[in-house]
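Reading through the structure tokens given below for one structure.
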Amino acid sequence: MTPGKVQEYRVHRATTAPVGRLPTHKQPARTTASSGIIPSEIVVPAKHKAPARSTLHDEVVTLRQVLKTAIRHGWLPYLPDLSPPYRTQGKVVHRPWFSPAEYKQLYEATREYAREPFHEHYRWNAEQVHDYVLFMANTGLRPDEARNLQHRDVVIVEDEATGERILEIEVRGKRGVGFCKSMPSAVRPYERLLARAKPSKAESRRQRQRRRRDSSAELPLAPPEQEFPGPMEHVFPGNHIKLFNGVLTRTKLKLDRDGNRRVAYSLRHTYICMRLMEGADIYQIAKNCRTSVEMIEKFYAAHIKNTLDAAAINVRRPKPVPARKPNAREKTAANFDNEE
């Protein structure tokens with residue numbers, strides 16, 4: 001196995017048509033007059049399509065793992081170089097996020113839906129989604145970190161540096177245990193989450209019929225006691241993906257201008273981009289979001305215009321001042337001085 005063989009494999013995968021047939025589709029059963037055979041499907045010829053770059057990358061990664069296994073068993077003396085001989089410059093892409101105007105449009109839509117849902121049964125979920133949008137966009141948590149978050153992991157404190165009330169969050173997620181300090185705008189949504197009672201289950205039809213049978217006279221059902229979230233309960237106990245996607249669709253914010261689909265993860269991207277636009281330190285953002293500076297520079301800072309310093313870019317070299325020619329009086333005075 002040599003680096004040349006690996007490159008030949010890449011060329012082979014990109015230029016050779018796949019062997020086999022594409023999936024066939026059924027046809028209505030009918031008998032031909034000549035052979036009497038009832039064809040049940042039509043064979044569609046396979047069309048050649050070069051594999052995607054990610055597919056080819058995954059295959060080379062698999063090959064590398066196989067060769068490493070061979071080295072551990074002593075079947076190969078060394079690992080050949082599997083990198084491509086050339087690499088084109090990748091396109092600068094950005095992850096889907098909400099611009100400040102789009103983010104305002106989003107939380108106004110969720111707030112309006114929380115006030116007037118389509119049905120009273122959806123009110124609790126609509127209020128949760130509204131607070132979820134504000135909470136995520138002001139903390140920068142990942143969706144899986146928000147799912148694991150419990151009320152005992154969140155503390156409302158007064159920041160010593162700014163004097164504002166913020167949230168100190170103990171995060172458990174992709175990178176293990178980390179810490180996050182939120183924006184002041186995340187405090188009010190969290191207080192609403194704390195003060196919001198759990199949804200009570202409505203009386204089912206079978207329970208109502210059983211209650212009527214047991215009592216001769218139909219008695220009014222007593223309202224259930226309200227239960228509020230405890231310290232060991234999740235901050236966001238439900239899954240509101242369908243409702244969140246419905247709001248994005250109604251407000252025409254599901255796709256960005258490049259056709260990328262916005263999801264709950266886009267709220268984290270919005271937080272990072274907004275902090276960069278406000279001039280926050282990129283190292284502090286990386287620590288607060290439990291990621292690296294390299295990732296932020298690659299996927300976020302590349303398309304944020306506020307990271308460019310116009311004063312440092314539009315530097316002009318000062319033009320030299322042309323020497324002024326002496327007039328006749330100055331020439332006479334100079335000659336007199338030379339004589340002396």
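Simple scheme: letters A, B, ... for chains in structure tokens order, numbers from 1 for residues in each chain, numbers from 1 for ligands in the order shown.
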Show me, as a PyMOL selection string, the residues that have an atom within 12 Å of range 262-269 of chain A when counting only C-alpha atoms, minus same-chain residues fewer than 6 positions from it. chain A and resi 94-100+102-103+106-107+129+132-147+239-249+252-256+275-276+285+288-291+295-296+299-301+304
Please return as a VMD selection string: the residues of range 136-312 of chain A that backbone DSSP assigns to alpha helix (DSSP H). chain A and resid 136 to 137 143 to 148 187 to 195 205 to 214 241 to 250 265 to 277 282 to 288 293 to 299 310 to 312
Shell around range 124-128 of chain A at 12 Å using only C-alpha atoms, local window under 2 positions removed, as an NGL selection string: :A and (107 or 109-122 or 130-136 or 189-201 or 235-244 or 246-247)
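Counting from CA of Asp159 in chain A, the distance to CA of Pro231 in chain A is 22.4 Å.
Those residues in range 80-291 of chain A carrying a DSSP assignment of strand (DSSP E or B), computed from the backbone, are Gln150, Val154, Val155, Ile156, Val157, Glu158, Arg165, Ile166, Leu167, Glu168, Ile169, Glu170, Val171, Arg172, Gly173, Gly176, Val177, Gly178, Phe179, Cys180, Lys181, His234, Leu255 and Arg261 of chain A.
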Write a file of the selected residues as a compact mmCIF listing (two decimals), in the first residue's frame, keeping C-alpha atoms.
```
# COMPACT_ATOMS: atom_id res chain seq x y z
CA GLN A 150 -31.79 21.04 35.77
CA VAL A 154 -28.82 27.43 37.43
CA VAL A 155 -28.22 30.25 39.92
CA ILE A 156 -29.27 33.90 39.61
CA VAL A 157 -26.38 36.10 40.80
CA GLU A 158 -25.30 39.72 40.59
CA ARG A 165 -28.19 40.12 37.32
CA ILE A 166 -27.07 37.14 35.26
CA LEU A 167 -27.30 33.35 35.34
CA GLU A 168 -24.42 31.14 36.39
CA ILE A 169 -25.00 27.75 34.76
CA GLU A 170 -23.25 24.45 35.40
CA VAL A 171 -23.41 22.80 32.01
CA ARG A 172 -23.31 19.06 31.35
CA GLY A 173 -23.16 18.00 27.75
CA GLY A 176 -18.38 17.12 29.98
CA VAL A 177 -18.96 19.59 32.82
CA GLY A 178 -18.43 23.26 32.09
CA PHE A 179 -19.67 26.65 33.20
CA CYS A 180 -21.50 29.47 31.48
CA LYS A 181 -22.41 33.03 32.38
CA HIS A 234 -35.33 19.67 34.07
CA LEU A 255 -34.30 28.76 5.58
CA ARG A 261 -32.24 24.95 7.44
```
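The residue set within 10 Å of Val60 in chain A, counting only C-alpha atoms and dropping same-chain residues fewer than 5 places from it, reads A:Val6, A:Tyr9, A:Arg10, A:Ser54, A:Thr55, A:Gln65, A:Val66, A:Leu82, A:Ser83.
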Could you save those same residues with C-alpha atoms as a PDB file, in the first residue's frame?
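Now in selection.pdb:
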```
ATOM      1  CA  VAL A   6      -4.553   5.677  -2.568  1.00  0.00           C
ATOM      2  CA  TYR A   9      -8.359   4.746  -5.737  1.00  0.00           C
ATOM      3  CA  ARG A  10      -9.627   8.331  -5.485  1.00  0.00           C
ATOM      4  CA  SER A  54     -17.346  13.733   2.463  1.00  0.00           C
ATOM      5  CA  THR A  55     -18.066  10.198   1.205  1.00  0.00           C
ATOM      6  CA  GLN A  65      -8.060   2.604  10.496  1.00  0.00           C
ATOM      7  CA  VAL A  66      -7.548  -0.713   8.702  1.00  0.00           C
ATOM      8  CA  LEU A  82      -2.985   9.070   2.736  1.00  0.00           C
ATOM      9  CA  SER A  83      -3.442  12.808   2.304  1.00  0.00           C
TER      10      SER A  83
END
```
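When the distance limit is 9 Å and only C-alpha atoms are what count, the residues near Tyr283 in chain A, minus those fewer than 3 positions from it on the same chain, are A:Ala280, A:Ala286, A:Lys287, A:Asn288, A:Ser292, A:Val293.
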Keeping C-alpha atoms, export the residues of the selection given above as a PDB file, in the first residue's frame.
```pdb
ATOM      1  CA  ALA A 280     -16.629  40.771  22.855  1.00  0.00           C
ATOM      2  CA  ALA A 286     -14.853  30.379  23.370  1.00  0.00           C
ATOM      3  CA  LYS A 287     -14.504  29.676  27.105  1.00  0.00           C
ATOM      4  CA  ASN A 288     -18.115  30.613  27.816  1.00  0.00           C
ATOM      5  CA  SER A 292     -12.165  26.615  20.765  1.00  0.00           C
ATOM      6  CA  VAL A 293     -11.065  29.904  19.293  1.00  0.00           C
TER       7      VAL A 293
END
```
